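Data block below; observations after.
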Amino acid sequence: MKIRQAKIRDLYLIISWVQNEQECKMWAGPNIRFPLNIENLLEDIGFANDTAYCLINGESILAFGQLLSKKNGFLHLARIIVDPSHRESGYGKILCNELLQIARQMGYQKISLNVYRANLIALKLYTNLGFNEVAEKSSVENCFMIKS
């Protein structure tokens with residue numbers, strides 16, 4: 001198992017993991033157009049090879065995520081998704097740990113993320129990884145978290 005930069009062709013598989021508008025919102029946020037298609041998704045997520053990553057085993061893609069630079073000087077963990085057939089197998093944790101290692105190698109000390117409070121599995125994962133909620137930047141629906 002290893003992490004590699006994502007390629008546009010990987011997104012064809014990744015969008016097949018998102019079955020409905022609610023799943024799309026939980027994965028990628030409210031500004032991603034649904035139904036998903038490659039052209040819109042590339043634009044909506046600001047896809048770039050050096051910001052998007054896949055966790056792979058051989059040729060199989062297990063998970064996807066992004067690391068995005070933010071104006072506040074943070075690196076932002078975004079759009080983490082695990083292949084539905086491999087969920088609850090620890091691949092989300094492995095991917096996030098790999099992305100955090102990349103962030104540190106890039107010199108970032110603070111990493112941020114947003115997660116919907118209704119996404120209990122993701123919320124638990126991020127808390128276990130050492131992320132803490134920033135209450136003043138959170139809302140009833142969304143939790144803004146930082147790891148330093």
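Residue names in the structure tokens use chain letters A, B, ... in the order shown, residue numbers from 1 in each chain, and ligand numbers from 1 in the order shown.
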
Residues near A:Leu13, cut-off 10 Å, only C-alpha atoms, skip fewer than 5 positions along chain, as JSON, numbers by chain: {"A": [8, 18, 61, 83]}

Shell of 12 Å around A:Asp10, only C-alpha atoms, local chain residues under 2 positions omitted, as a PyMOL selection string: chain A and resi 4-8+12-17+38+42+47+49+52-56+59-65

Selected residues written out, N, CA and C atoms, as a PDB file, in the first residue's frame:
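Wrote result_18.pdb, looks like this:
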ATOM      1  N   ARG A   4       0.084   8.008  -3.855  1.00  0.00           N
ATOM      2  CA  ARG A   4       0.648   8.629  -5.050  1.00  0.00           C
ATOM      3  C   ARG A   4      -0.236   9.788  -5.454  1.00  0.00           C
ATOM      4  N   GLN A   5       0.343  10.664  -6.265  1.00  0.00           N
ATOM      5  CA  GLN A   5      -0.444  11.779  -6.779  1.00  0.00           C
ATOM      6  C   GLN A   5      -1.564  11.227  -7.662  1.00  0.00           C
ATOM      7  N   ALA A   6      -2.722  11.836  -7.535  1.00  0.00           N
ATOM      8  CA  ALA A   6      -3.877  11.418  -8.325  1.00  0.00           C
ATOM      9  C   ALA A   6      -3.738  11.898  -9.763  1.00  0.00           C
ATOM     10  N   LYS A   7      -4.398  11.197 -10.626  1.00  0.00           N
ATOM     11  CA  LYS A   7      -4.449  11.551 -12.044  1.00  0.00           C
ATOM     12  C   LYS A   7      -5.905  11.790 -12.412  1.00  0.00           C
ATOM     13  N   ILE A   8      -6.126  12.555 -13.446  1.00  0.00           N
ATOM     14  CA  ILE A   8      -7.499  12.841 -13.865  1.00  0.00           C
ATOM     15  C   ILE A   8      -8.266  11.548 -14.091  1.00  0.00           C
ATOM     16  N   TYR A  12     -12.621   9.231 -12.543  1.00  0.00           N
ATOM     17  CA  TYR A  12     -13.729   8.459 -13.094  1.00  0.00           C
ATOM     18  C   TYR A  12     -14.175   7.386 -12.105  1.00  0.00           C
ATOM     19  N   LEU A  13     -13.228   6.736 -11.471  1.00  0.00           N
ATOM     20  CA  LEU A  13     -13.556   5.734 -10.459  1.00  0.00           C
ATOM     21  C   LEU A  13     -14.097   6.407  -9.203  1.00  0.00           C
ATOM     22  N   ILE A  14     -13.444   7.453  -8.770  1.00  0.00           N
ATOM     23  CA  ILE A  14     -13.822   8.103  -7.513  1.00  0.00           C
ATOM     24  C   ILE A  14     -15.250   8.644  -7.576  1.00  0.00           C
ATOM     25  N   ILE A  15     -15.653   9.222  -8.708  1.00  0.00           N
ATOM     26  CA  ILE A  15     -17.030   9.730  -8.775  1.00  0.00           C
ATOM     27  C   ILE A  15     -18.044   8.587  -8.750  1.00  0.00           C
ATOM     28  N   SER A  16     -17.645   7.389  -9.126  1.00  0.00           N
ATOM     29  CA  SER A  16     -18.567   6.250  -9.052  1.00  0.00           C
ATOM     30  C   SER A  16     -18.851   5.845  -7.607  1.00  0.00           C
ATOM     31  N   TRP A  17     -18.029   6.309  -6.668  1.00  0.00           N
ATOM     32  CA  TRP A  17     -18.238   5.998  -5.253  1.00  0.00           C
ATOM     33  C   TRP A  17     -19.327   6.859  -4.636  1.00  0.00           C
ATOM     34  N   ILE A  38     -16.829  14.625 -14.901  1.00  0.00           N
ATOM     35  CA  ILE A  38     -15.403  14.951 -14.813  1.00  0.00           C
ATOM     36  C   ILE A  38     -15.132  16.433 -15.037  1.00  0.00           C
ATOM     37  N   LEU A  42     -13.474  18.602 -12.002  1.00  0.00           N
ATOM     38  CA  LEU A  42     -12.127  19.171 -12.108  1.00  0.00           C
ATOM     39  C   LEU A  42     -12.133  20.642 -11.722  1.00  0.00           C
ATOM     40  N   PHE A  47      -8.867  20.709  -9.176  1.00  0.00           N
ATOM     41  CA  PHE A  47      -7.965  19.560  -9.293  1.00  0.00           C
ATOM     42  C   PHE A  47      -6.601  19.968  -9.836  1.00  0.00           C
ATOM     43  N   ASN A  49      -2.573  17.842  -9.977  1.00  0.00           N
ATOM     44  CA  ASN A  49      -1.846  16.624  -9.615  1.00  0.00           C
ATOM     45  C   ASN A  49      -1.057  16.766  -8.321  1.00  0.00           C
ATOM     46  N   ALA A  52      -3.718  16.516  -5.133  1.00  0.00           N
ATOM     47  CA  ALA A  52      -4.661  15.403  -5.021  1.00  0.00           C
ATOM     48  C   ALA A  52      -3.887  14.085  -4.948  1.00  0.00           C
ATOM     49  N   TYR A  53      -4.352  13.202  -4.066  1.00  0.00           N
ATOM     50  CA  TYR A  53      -3.619  11.966  -3.797  1.00  0.00           C
ATOM     51  C   TYR A  53      -4.553  10.773  -3.721  1.00  0.00           C
ATOM     52  N   CYS A  54      -4.013   9.619  -4.098  1.00  0.00           N
ATOM     53  CA  CYS A  54      -4.731   8.352  -3.986  1.00  0.00           C
ATOM     54  C   CYS A  54      -3.923   7.392  -3.122  1.00  0.00           C
ATOM     55  N   LEU A  55      -4.622   6.672  -2.273  1.00  0.00           N
ATOM     56  CA  LEU A  55      -4.031   5.549  -1.558  1.00  0.00           C
ATOM     57  C   LEU A  55      -4.305   4.336  -2.421  1.00  0.00           C
ATOM     58  N   ILE A  56      -3.244   3.625  -2.782  1.00  0.00           N
ATOM     59  CA  ILE A  56      -3.401   2.495  -3.691  1.00  0.00           C
ATOM     60  C   ILE A  56      -2.799   1.224  -3.096  1.00  0.00           C
ATOM     61  N   GLU A  59      -2.646  -1.794  -8.247  1.00  0.00           N
ATOM     62  CA  GLU A  59      -3.292  -0.847  -9.160  1.00  0.00           C
ATOM     63  C   GLU A  59      -4.651  -0.385  -8.645  1.00  0.00           C
ATOM     64  N   SER A  60      -5.087  -0.924  -7.515  1.00  0.00           N
ATOM     65  CA  SER A  60      -6.411  -0.588  -6.978  1.00  0.00           C
ATOM     66  C   SER A  60      -6.365   0.687  -6.141  1.00  0.00           C
ATOM     67  N   ILE A  61      -7.287   1.588  -6.435  1.00  0.00           N
ATOM     68  CA  ILE A  61      -7.418   2.818  -5.657  1.00  0.00           C
ATOM     69  C   ILE A  61      -8.338   2.534  -4.476  1.00  0.00           C
ATOM     70  N   LEU A  62      -7.830   2.794  -3.280  1.00  0.00           N
ATOM     71  CA  LEU A  62      -8.589   2.541  -2.058  1.00  0.00           C
ATOM     72  C   LEU A  62      -9.218   3.808  -1.497  1.00  0.00           C
ATOM     73  N   ALA A  63      -8.553   4.958  -1.698  1.00  0.00           N
ATOM     74  CA  ALA A  63      -9.033   6.208  -1.112  1.00  0.00           C
ATOM     75  C   ALA A  63      -8.438   7.387  -1.868  1.00  0.00           C
ATOM     76  N   PHE A  64      -9.060   8.543  -1.676  1.00  0.00           N
ATOM     77  CA  PHE A  64      -8.663   9.778  -2.352  1.00  0.00           C
ATOM     78  C   PHE A  64      -8.761  10.934  -1.367  1.00  0.00           C
ATOM     79  N   GLY A  65      -7.881  11.920  -1.513  1.00  0.00           N
ATOM     80  CA  GLY A  65      -7.967  13.136  -0.711  1.00  0.00           C
ATOM     81  C   GLY A  65      -7.125  14.238  -1.314  1.00  0.00           C
TER      82      GLY A  65
END

Given only C-alpha atoms as the counted atoms, nearest of A:Met26, A:Ile94, A:Ala103, A:Ala78 to A:Asn119: A:Met26

Contacts of A:Lys147 at 7 Å (only C-alpha atoms; same-chain gap of 5+ positions) as a count of residues only: 6

DSSP-assigned strand (DSSP E or B) among chain A, expressed as a PyMOL selection string: chain A and resi 2-5+52-57+60-69+75-82+111-116+132-133+142-147

Atomic distance atom CA of A:Thr127 - atom CA of A:Glu141, expressed in Å with one decimal: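 Separation between atom CA of A:Thr127 and atom CA of A:Glu141: 16.7 Å.
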
Which residue of A:Leu36, A:Ala28, A:Leu123, A:Leu99 approaches A:Ile3 most closely, using only C-alpha atoms: A:Leu99

Gap from atom CA of A:Ser69 to atom CA of A:Cys143 - Å, one decimal: 18.8 Å

Atomic distance atom CA of A:Gly107 - atom CA of A:Lys124, expressed in Å with one decimal: 26.0 Å

A:Ala122 environment, 10 Å, only C-alpha atoms, sequence neighbours closer than 4 positions dropped, as a list in words: Met26, Trp27, Ile80, Ile81, Gly92, Lys93, Val115, Tyr116, Arg117, Ala118, Tyr126, Thr127 and Asn128 of chain A

Residue selection dump (N, CA, C and O atoms) as a compact mmCIF listing (two decimals), in the first residue's frame:
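Generated output (out.txt):
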# COMPACT_ATOMS: atom_id res chain seq x y z
N MET A 26 -21.69 15.48 1.60
CA MET A 26 -20.92 15.01 2.76
C MET A 26 -19.45 14.83 2.40
O MET A 26 -18.57 15.09 3.21
N TRP A 27 -19.17 14.40 1.18
CA TRP A 27 -17.80 14.18 0.75
C TRP A 27 -17.09 15.48 0.39
O TRP A 27 -15.99 15.75 0.86
N ILE A 80 -11.76 13.82 1.54
CA ILE A 80 -11.31 12.47 1.87
C ILE A 80 -12.46 11.51 1.58
O ILE A 80 -13.58 11.71 2.05
N ILE A 81 -12.18 10.49 0.80
CA ILE A 81 -13.20 9.47 0.50
C ILE A 81 -12.51 8.12 0.35
O ILE A 81 -11.41 8.03 -0.20
N GLY A 92 -9.03 5.11 5.54
CA GLY A 92 -9.16 6.55 5.74
C GLY A 92 -8.08 7.07 6.68
O GLY A 92 -7.46 8.10 6.43
N LYS A 93 -7.82 6.33 7.74
CA LYS A 93 -6.78 6.71 8.69
C LYS A 93 -5.40 6.66 8.04
O LYS A 93 -4.59 7.56 8.21
N VAL A 115 -15.64 19.26 8.49
CA VAL A 115 -16.38 18.00 8.46
C VAL A 115 -17.80 18.29 8.94
O VAL A 115 -18.01 19.08 9.87
N TYR A 116 -18.76 17.68 8.29
CA TYR A 116 -20.14 17.81 8.74
C TYR A 116 -20.32 17.03 10.04
O TYR A 116 -19.82 15.90 10.18
N ARG A 117 -21.00 17.63 10.99
CA ARG A 117 -21.23 16.96 12.28
C ARG A 117 -22.00 15.66 12.11
O ARG A 117 -21.84 14.73 12.89
N ALA A 118 -22.82 15.58 11.07
CA ALA A 118 -23.59 14.35 10.81
C ALA A 118 -22.70 13.20 10.32
O ALA A 118 -23.11 12.04 10.36
N TYR A 126 -11.04 12.09 12.56
CA TYR A 126 -10.24 13.30 12.68
C TYR A 126 -9.90 13.62 14.14
O TYR A 126 -8.79 14.06 14.44
N THR A 127 -10.82 13.37 15.03
CA THR A 127 -10.55 13.56 16.45
C THR A 127 -9.45 12.62 16.91
O THR A 127 -8.52 13.03 17.61
N ASN A 128 -9.52 11.36 16.47
CA ASN A 128 -8.49 10.37 16.83
C ASN A 128 -7.13 10.72 16.24
O ASN A 128 -6.09 10.32 16.79

Best match for closeness to A:Gly73 among A:Gln101, A:Gln109, A:Leu41, A:Thr51, counting only C-alpha atoms: A:Gln109

From A:Ser85, A:Glu21, A:Lys2, A:Asn57, residue lying nearest A:Asn97 [only C-alpha atoms]: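 Nearest to A:Asn97: A:Lys2.
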
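Restricting the calculation to only C-alpha atoms, the smallest distance between A:Ala48 and any of A:Gln19, A:Ser148, A:Gln66, A:Asn142 is found for A:Gln66.
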
Alpha helix (DSSP H) residues, from DSSP on the backbone, in stretch 61-101 of chain A, as a list in words: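 The residues of stretch 61-101 of chain A classed as alpha helix (DSSP H) are Tyr91, Gly92, Lys93, Ile94, Leu95, Cys96, Asn97, Glu98, Leu99, Leu100 and Gln101 of chain A.
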
Can I get the selected residues back with N, CA and C atoms, as a PDB file, in the first residue's frame?
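To be explicit, this is the file written out as selection-v1.pdb:
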ATOM      1  N   TYR A  91      -8.498   2.417   6.000  1.00  0.00           N
ATOM      2  CA  TYR A  91      -7.828   3.100   4.889  1.00  0.00           C
ATOM      3  C   TYR A  91      -7.947   4.622   4.976  1.00  0.00           C
ATOM      4  N   GLY A  92      -9.033   5.113   5.545  1.00  0.00           N
ATOM      5  CA  GLY A  92      -9.158   6.554   5.745  1.00  0.00           C
ATOM      6  C   GLY A  92      -8.075   7.066   6.683  1.00  0.00           C
ATOM      7  N   LYS A  93      -7.824   6.330   7.736  1.00  0.00           N
ATOM      8  CA  LYS A  93      -6.782   6.705   8.691  1.00  0.00           C
ATOM      9  C   LYS A  93      -5.404   6.660   8.035  1.00  0.00           C
ATOM     10  N   ILE A  94      -5.161   5.608   7.264  1.00  0.00           N
ATOM     11  CA  ILE A  94      -3.864   5.481   6.577  1.00  0.00           C
ATOM     12  C   ILE A  94      -3.672   6.643   5.614  1.00  0.00           C
ATOM     13  N   LEU A  95      -4.701   6.946   4.810  1.00  0.00           N
ATOM     14  CA  LEU A  95      -4.603   8.053   3.864  1.00  0.00           C
ATOM     15  C   LEU A  95      -4.339   9.366   4.594  1.00  0.00           C
ATOM     16  N   CYS A  96      -5.099   9.632   5.641  1.00  0.00           N
ATOM     17  CA  CYS A  96      -4.923  10.892   6.372  1.00  0.00           C
ATOM     18  C   CYS A  96      -3.535  10.988   6.989  1.00  0.00           C
ATOM     19  N   ASN A  97      -3.037   9.901   7.557  1.00  0.00           N
ATOM     20  CA  ASN A  97      -1.687   9.927   8.119  1.00  0.00           C
ATOM     21  C   ASN A  97      -0.643  10.199   7.044  1.00  0.00           C
ATOM     22  N   GLU A  98      -0.809   9.625   5.871  1.00  0.00           N
ATOM     23  CA  GLU A  98       0.112   9.883   4.757  1.00  0.00           C
ATOM     24  C   GLU A  98       0.028  11.340   4.315  1.00  0.00           C
ATOM     25  N   LEU A  99      -1.185  11.883   4.241  1.00  0.00           N
ATOM     26  CA  LEU A  99      -1.346  13.283   3.845  1.00  0.00           C
ATOM     27  C   LEU A  99      -0.754  14.219   4.892  1.00  0.00           C
ATOM     28  N   LEU A 100      -0.909  13.880   6.158  1.00  0.00           N
ATOM     29  CA  LEU A 100      -0.311  14.695   7.226  1.00  0.00           C
ATOM     30  C   LEU A 100       1.213  14.661   7.143  1.00  0.00           C
ATOM     31  N   GLN A 101       1.758  13.516   6.791  1.00  0.00           N
ATOM     32  CA  GLN A 101       3.214  13.416   6.628  1.00  0.00           C
ATOM     33  C   GLN A 101       3.688  14.279   5.456  1.00  0.00           C
TER      34      GLN A 101
END

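Across A:Asn114, A:Ile121, A:Arg104, A:Val82, the tightest approach to A:Val134 is made by A:Asn114 when counting only C-alpha atoms.
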